[in-house]
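**Q** Data file model_31.tsv (TSV, N, CA and C atoms) is appended below.
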chain	number	residue	atom	x	y	z
L	1	MET	N	15.20	231.20	-81.36
L	1	MET	CA	14.85	229.84	-80.98
L	1	MET	C	16.12	229.10	-80.56
L	2	ALA	N	16.05	228.41	-79.45
L	2	ALA	CA	17.20	227.68	-78.92
L	2	ALA	C	17.48	226.43	-79.76
L	3	PRO	N	18.76	226.11	-79.95
L	3	PRO	CA	19.09	224.90	-80.72
L	3	PRO	C	18.77	223.64	-79.92
L	4	ARG	N	18.43	222.58	-80.62
L	4	ARG	CA	18.23	221.29	-79.95
L	4	ARG	C	19.59	220.81	-79.46
L	5	GLN	N	19.58	220.13	-78.34
L	5	GLN	CA	20.84	219.66	-77.75
L	5	GLN	C	21.55	218.68	-78.67
L	6	ALA	N	20.82	217.77	-79.27
L	6	ALA	CA	21.44	216.78	-80.18
L	6	ALA	C	22.02	217.47	-81.41
L	7	ASP	N	21.34	218.51	-81.90
L	7	ASP	CA	21.85	219.24	-83.06
L	7	ASP	C	23.16	219.96	-82.74
L	8	LEU	N	23.27	220.45	-81.53
L	8	LEU	CA	24.49	221.13	-81.11
L	8	LEU	C	25.67	220.17	-81.09
L	9	ILE	N	25.46	218.97	-80.58
L	9	ILE	CA	26.53	217.97	-80.55
L	9	ILE	C	26.88	217.51	-81.96
L	10	LYS	N	25.87	217.31	-82.78
L	10	LYS	CA	26.10	216.92	-84.17
L	10	LYS	C	26.91	218.00	-84.89
L	11	GLN	N	26.60	219.24	-84.63
L	11	GLN	CA	27.32	220.37	-85.23
L	11	GLN	C	28.80	220.32	-84.84
L	12	TYR	N	29.10	219.97	-83.59
L	12	TYR	CA	30.50	219.90	-83.15
L	12	TYR	C	31.27	218.86	-83.95
L	13	PHE	N	30.67	217.70	-84.16
L	13	PHE	CA	31.35	216.65	-84.93
L	13	PHE	C	31.50	217.04	-86.40
L	14	GLU	N	30.52	217.71	-86.95
L	14	GLU	CA	30.62	218.16	-88.34
L	14	GLU	C	31.70	219.22	-88.52
L	15	ARG	N	31.91	220.03	-87.51
L	15	ARG	CA	32.96	221.06	-87.58
L	15	ARG	C	34.35	220.52	-87.27
L	16	ASN	N	34.44	219.31	-86.76
L	16	ASN	CA	35.72	218.68	-86.43
L	16	ASN	C	35.84	217.33	-87.11
L	17	PRO	N	35.83	217.31	-88.45
L	17	PRO	CA	35.90	216.02	-89.16
L	17	PRO	C	37.32	215.45	-89.15
L	18	ASN	N	37.41	214.20	-89.52
L	18	ASN	CA	38.69	213.52	-89.72
L	18	ASN	C	39.57	213.46	-88.49
L	19	ARG	N	38.96	213.38	-87.33
L	19	ARG	CA	39.74	213.15	-86.12
L	19	ARG	C	38.90	212.44	-85.08
L	20	ASP	N	39.57	211.68	-84.25
L	20	ASP	CA	38.91	211.01	-83.15
L	20	ASP	C	38.82	212.01	-82.00
L	21	ILE	N	37.64	212.14	-81.42
L	21	ILE	CA	37.42	213.18	-80.43
L	21	ILE	C	37.13	212.53	-79.07
L	22	PRO	N	37.92	212.89	-78.06
L	22	PRO	CA	37.66	212.37	-76.71
L	22	PRO	C	36.29	212.84	-76.20
L	23	HIS	N	35.61	211.96	-75.52
L	23	HIS	CA	34.27	212.24	-75.00
L	23	HIS	C	34.22	213.51	-74.13
L	24	PRO	N	35.15	213.70	-73.19
L	24	PRO	CA	35.07	214.90	-72.34
L	24	PRO	C	35.19	216.21	-73.14
L	25	GLU	N	35.91	216.19	-74.23
L	25	GLU	CA	36.05	217.39	-75.07
L	25	GLU	C	34.70	217.80	-75.64
L	26	VAL	N	33.94	216.83	-76.11
L	26	VAL	CA	32.61	217.10	-76.68
L	26	VAL	C	31.67	217.61	-75.60
L	27	VAL	N	31.67	216.95	-74.45
L	27	VAL	CA	30.77	217.32	-73.35
L	27	VAL	C	31.08	218.73	-72.86
L	28	ASP	N	32.35	219.04	-72.66
L	28	ASP	CA	32.73	220.37	-72.18
L	28	ASP	C	32.30	221.46	-73.16
L	29	TRP	N	32.55	221.24	-74.46
L	29	TRP	CA	32.18	222.23	-75.45
L	29	TRP	C	30.66	222.39	-75.52
L	30	ALA	N	29.94	221.27	-75.55
L	30	ALA	CA	28.49	221.32	-75.70
L	30	ALA	C	27.82	222.03	-74.52
L	31	THR	N	28.27	221.74	-73.30
L	31	THR	CA	27.65	222.39	-72.14
L	31	THR	C	27.96	223.89	-72.13
L	32	ALA	N	29.19	224.27	-72.46
L	32	ALA	CA	29.54	225.69	-72.49
L	32	ALA	C	28.79	226.43	-73.61
L	33	GLU	N	28.72	225.83	-74.78
L	33	GLU	CA	28.05	226.46	-75.92
L	33	GLU	C	26.55	226.58	-75.68
L	34	TYR	N	25.93	225.55	-75.13
L	34	TYR	CA	24.49	225.58	-74.87
L	34	TYR	C	24.16	226.66	-73.83
L	35	THR	N	25.01	226.76	-72.81
L	35	THR	CA	24.81	227.79	-71.79
L	35	THR	C	24.97	229.18	-72.39
L	36	ARG	N	25.97	229.34	-73.27
L	36	ARG	CA	26.20	230.63	-73.91
L	36	ARG	C	25.01	231.03	-74.79
L	37	LEU	N	24.45	230.06	-75.52
L	37	LEU	CA	23.37	230.36	-76.46
L	37	LEU	C	22.01	230.56	-75.78
L	38	THR	N	21.76	229.79	-74.74
L	38	THR	CA	20.42	229.80	-74.14
L	38	THR	C	20.35	230.35	-72.72
L	39	GLY	N	21.47	230.35	-72.02
L	39	GLY	CA	21.46	230.75	-70.61
L	39	GLY	C	21.00	229.63	-69.70
L	40	LYS	N	20.71	228.47	-70.28
L	40	LYS	CA	20.26	227.30	-69.51
L	40	LYS	C	21.39	226.28	-69.44
L	41	VAL	N	21.23	225.32	-68.54
L	41	VAL	CA	22.23	224.27	-68.36
L	41	VAL	C	21.89	223.07	-69.23
L	42	PHE	N	22.87	222.55	-69.93
L	42	PHE	CA	22.72	221.33	-70.75
L	42	PHE	C	22.78	220.17	-69.77
L	43	ARG	N	21.65	219.57	-69.48
L	43	ARG	CA	21.54	218.59	-68.39
L	43	ARG	C	22.18	217.23	-68.67
L	44	ASP	N	22.05	216.71	-69.88
L	44	ASP	CA	22.54	215.34	-70.12
L	44	ASP	C	23.13	215.22	-71.54
L	45	PRO	N	24.33	215.73	-71.75
L	45	PRO	CA	24.94	215.62	-73.08
L	45	PRO	C	25.23	214.18	-73.48
L	46	ASP	N	25.44	213.31	-72.50
L	46	ASP	CA	25.71	211.90	-72.80
L	46	ASP	C	24.53	211.25	-73.53
L	47	ARG	N	23.33	211.64	-73.17
L	47	ARG	CA	22.14	211.08	-73.81
L	47	ARG	C	22.12	211.43	-75.30
L	48	ALA	N	22.45	212.68	-75.63
L	48	ALA	CA	22.47	213.10	-77.03
L	48	ALA	C	23.56	212.38	-77.81
L	49	ILE	N	24.72	212.18	-77.19
L	49	ILE	CA	25.81	211.45	-77.84
L	49	ILE	C	25.41	210.00	-78.08
L	50	ARG	N	24.80	209.38	-77.08
L	50	ARG	CA	24.32	208.00	-77.21
L	50	ARG	C	23.29	207.89	-78.33
L	51	LYS	N	22.38	208.87	-78.41
L	51	LYS	CA	21.35	208.86	-79.45
L	51	LYS	C	21.97	208.94	-80.85
L	52	LEU	N	22.96	209.82	-81.02
L	52	LEU	CA	23.62	209.93	-82.32
L	52	LEU	C	24.38	208.65	-82.67
L	53	HIS	N	24.91	207.99	-81.67
L	53	HIS	CA	25.58	206.70	-81.89
L	53	HIS	C	24.57	205.64	-82.32
L	54	GLN	N	23.43	205.59	-81.65
L	54	GLN	CA	22.39	204.62	-81.98
L	54	GLN	C	21.82	204.87	-83.37
L	55	GLU	N	21.78	206.12	-83.80
L	55	GLU	CA	21.29	206.45	-85.14
L	55	GLU	C	22.32	206.18	-86.22
L	56	GLY	N	23.55	205.88	-85.83
L	56	GLY	CA	24.58	205.55	-86.80
L	56	GLY	C	25.43	206.73	-87.24
L	57	PHE	N	25.24	207.90	-86.62
L	57	PHE	CA	26.04	209.08	-86.99
L	57	PHE	C	27.43	209.03	-86.37
L	58	LEU	N	27.54	208.44	-85.19
L	58	LEU	CA	28.82	208.34	-84.48
L	58	LEU	C	29.21	206.89	-84.31
L	59	ILE	N	30.50	206.67	-84.14
L	59	ILE	CA	31.00	205.33	-83.86
L	59	ILE	C	32.05	205.43	-82.78
L	60	LYS	N	32.06	204.43	-81.91
L	60	LYS	CA	33.05	204.39	-80.83
L	60	LYS	C	34.35	203.84	-81.39
L	61	VAL	N	35.42	204.62	-81.30
L	61	VAL	CA	36.72	204.22	-81.82
L	61	VAL	C	37.52	203.50	-80.74
L	62	ALA	N	37.44	204.01	-79.53
L	62	ALA	CA	38.10	203.42	-78.37
L	62	ALA	C	37.30	203.86	-77.15
L	63	LYS	N	37.68	203.38	-75.98
L	63	LYS	CA	36.96	203.78	-74.78
L	63	LYS	C	37.09	205.29	-74.59
L	64	GLY	N	35.96	205.98	-74.59
L	64	GLY	CA	35.95	207.42	-74.40
L	64	GLY	C	36.33	208.23	-75.62
L	65	VAL	N	36.45	207.59	-76.79
L	65	VAL	CA	36.82	208.30	-78.02
L	65	VAL	C	35.79	207.98	-79.09
L	66	ILE	N	35.22	209.01	-79.70
L	66	ILE	CA	34.18	208.83	-80.71
L	66	ILE	C	34.54	209.62	-81.96
L	67	ALA	N	33.96	209.20	-83.07
L	67	ALA	CA	34.19	209.87	-84.35
L	67	ALA	C	32.93	209.74	-85.18
L	68	THR	N	32.82	210.58	-86.20
L	68	THR	CA	31.66	210.49	-87.09
L	68	THR	C	31.87	209.38	-88.09
L	69	ILE	N	30.79	208.79	-88.54
L	69	ILE	CA	30.87	207.78	-89.59
L	69	ILE	C	31.49	208.38	-90.85
L	70	LEU	N	31.13	209.62	-91.17
L	70	LEU	CA	31.65	210.27	-92.36
L	70	LEU	C	33.18	210.40	-92.31
L	71	SER	N	33.72	210.80	-91.16
L	71	SER	CA	35.18	210.93	-91.06
L	71	SER	C	35.85	209.58	-91.16
L	72	LEU	N	35.19	208.54	-90.67
L	72	LEU	CA	35.77	207.20	-90.79
L	72	LEU	C	35.73	206.72	-92.22
L	73	TYR	N	34.68	207.09	-92.95
L	73	TYR	CA	34.58	206.70	-94.34
L	73	TYR	C	35.65	207.41	-95.18
L	74	ILE	N	35.85	208.69	-94.91
L	74	ILE	CA	36.83	209.47	-95.67
L	74	ILE	C	38.24	208.94	-95.48
L	75	SER	N	38.57	208.58	-94.26
L	75	SER	CA	39.93	208.09	-94.00
L	75	SER	C	39.91	206.62	-93.61
L	76	ALA	N	39.08	205.85	-94.25
L	76	ALA	CA	38.90	204.45	-93.90
L	76	ALA	C	40.18	203.64	-94.00
L	77	SER	N	41.00	203.90	-94.98
L	77	SER	CA	42.20	203.09	-95.17
L	77	SER	C	43.15	203.20	-93.98
L	78	SER	N	43.21	204.35	-93.33
L	78	SER	CA	44.11	204.49	-92.19
L	78	SER	C	43.50	204.04	-90.88
L	79	LYS	N	42.18	204.00	-90.80
L	79	LYS	CA	41.54	203.69	-89.53
L	79	LYS	C	40.98	202.27	-89.44
L	80	ILE	N	40.72	201.63	-90.57
L	80	ILE	CA	40.08	200.33	-90.53
L	80	ILE	C	40.90	199.32	-89.75
L	81	SER	N	42.21	199.40	-89.85
L	81	SER	CA	43.03	198.44	-89.12
L	81	SER	C	42.89	198.61	-87.62
L	82	ARG	N	42.55	199.82	-87.15
L	82	ARG	CA	42.40	200.06	-85.72
L	82	ARG	C	41.02	199.69	-85.21
L	83	LEU	N	40.05	199.65	-86.08
L	83	LEU	CA	38.67	199.43	-85.65
L	83	LEU	C	38.27	197.97	-85.70
L	84	LYS	N	37.41	197.61	-84.79
L	84	LYS	CA	36.74	196.32	-84.91
L	84	LYS	C	35.52	196.60	-85.77
L	85	CYS	N	35.50	196.02	-86.96
L	85	CYS	CA	34.40	196.30	-87.89
L	85	CYS	C	33.12	195.65	-87.38
L	86	THR	N	32.22	196.47	-86.92
L	86	THR	CA	30.93	195.97	-86.48
L	86	THR	C	29.98	195.95	-87.66
L	87	ARG	N	28.87	195.32	-87.50
L	87	ARG	CA	27.87	195.30	-88.57
L	87	ARG	C	27.41	196.72	-88.88
L	88	GLN	N	27.27	197.54	-87.85
L	88	GLN	CA	26.84	198.90	-88.06
L	88	GLN	C	27.84	199.67	-88.91
L	89	PHE	N	29.12	199.53	-88.62
L	89	PHE	CA	30.15	200.24	-89.38
L	89	PHE	C	30.18	199.73	-90.82
L	90	SER	N	30.13	198.42	-90.99
L	90	SER	CA	30.15	197.84	-92.33
L	90	SER	C	28.98	198.30	-93.16
L	91	SER	N	27.79	198.33	-92.57
L	91	SER	CA	26.61	198.76	-93.32
L	91	SER	C	26.68	200.26	-93.61
L	92	ALA	N	27.24	201.05	-92.71
L	92	ALA	CA	27.37	202.48	-92.95
L	92	ALA	C	28.32	202.76	-94.11
L	93	ILE	N	29.40	202.01	-94.19
L	93	ILE	CA	30.35	202.16	-95.29
L	93	ILE	C	29.68	201.76	-96.61
L	94	ALA	N	28.92	200.67	-96.58
L	94	ALA	CA	28.26	200.19	-97.81
L	94	ALA	C	27.23	201.20	-98.31
L	95	THR	N	26.48	201.81	-97.39
L	95	THR	CA	25.45	202.76	-97.82
L	95	THR	C	26.06	204.10	-98.22
L	96	ALA	N	27.21	204.45	-97.65
L	96	ALA	CA	27.85	205.71	-97.99
L	96	ALA	C	28.56	205.65	-99.35
L	97	ALA	N	28.92	204.45	-99.77
L	97	ALA	CA	29.70	204.31	-101.02
L	97	ALA	C	28.85	204.53	-102.24
Starting from the file, give its structure as structure tokens.
**A**
Amino acid sequence: MAPRQADLIKQYFERNPNRDIPHPEVVDWATAEYTRLTGKVFRDPDRAIRKLHQEGFLIKVAKGVIATILSLYISASSKISRLKCTRQFSSAIATAA
């Protein structure tokens, strides 16, 4: 059974915790991995990344740079000064604690 596209992207972030990941790095890996696993083309990786962001799994650190909420929580003391604390980030920290 082929993996869901969103699950593949989520897997990439889980395997690369505690670092900010440039958007093109995720897209390149996801399209190559999906093609390797299924033989099909990953048509819209941006949609899956946007969905994970809307669900609160990812947060935008800077333009074109994303990270998982979990990695931000783990290293919050070093990253909070760089981030603009949005309501989403604040509520994610509160629920994770």
**Q** For CA of Gln11 in chain L and atom N of Pro45 in chain L, quote the distance in Å rounded to one decimal.
**A**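 A separation of 14.6 Å between them.
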**Q** Identify, on the basis of all atoms listed in the file, every residue whose closest approach to Gln5 in chain L does not exceed 6.5 Å; exclude the query and any residue fewer than 4 positions from it along the same chain; express the result as a list in words.
**A** Ile9, Lys10 and Ala48 of chain L
**Q** Taking only N, CA and C atoms into account, which of L:Lys51, L:His23, L:Leu8, L:Val41 comes nearest Lys63 in chain L?
**A**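 Smallest distance to Lys63 in chain L is found for L:His23.
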**Q** Quick check, in Å to one decimal: how far apart do CA of Gly39 in chain L and atom N of Val27 in chain L lie?
**A**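 It comes out at 17.6 Å.
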**Q** Just how far from CA of Glu14 in chain L is CA of Arg43 in chain L, in Å to one decimal?
**A**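 Separation between CA of Arg43 in chain L and CA of Glu14 in chain L: 21.9 Å.
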**Q** Run DSSP on the backbone of this structure and report the residues of range 2-72 of chain L it assigns to alpha helix (DSSP H), as a PyMOL selection string.
**A** chain L and resi 5-15+23-38+45-54+69-72
**Q** In terms of the shortest atom-to-atom distance over only N, CA and C atoms, which of L:Ile59, L:Asp44, L:Val65, L:Pro3 is closest to Asp20 in chain L?
**A**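 Closest to Asp20 in chain L of all the choices is L:Val65.
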**Q** Taking only N, CA and C atoms into account, name the residue in L:Leu37, L:Ala32, L:Leu58, L:Ile49 that is nearest to Ala6 in chain L.
**A**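 So, comparing all the options, the nearest one is L:Ile49.
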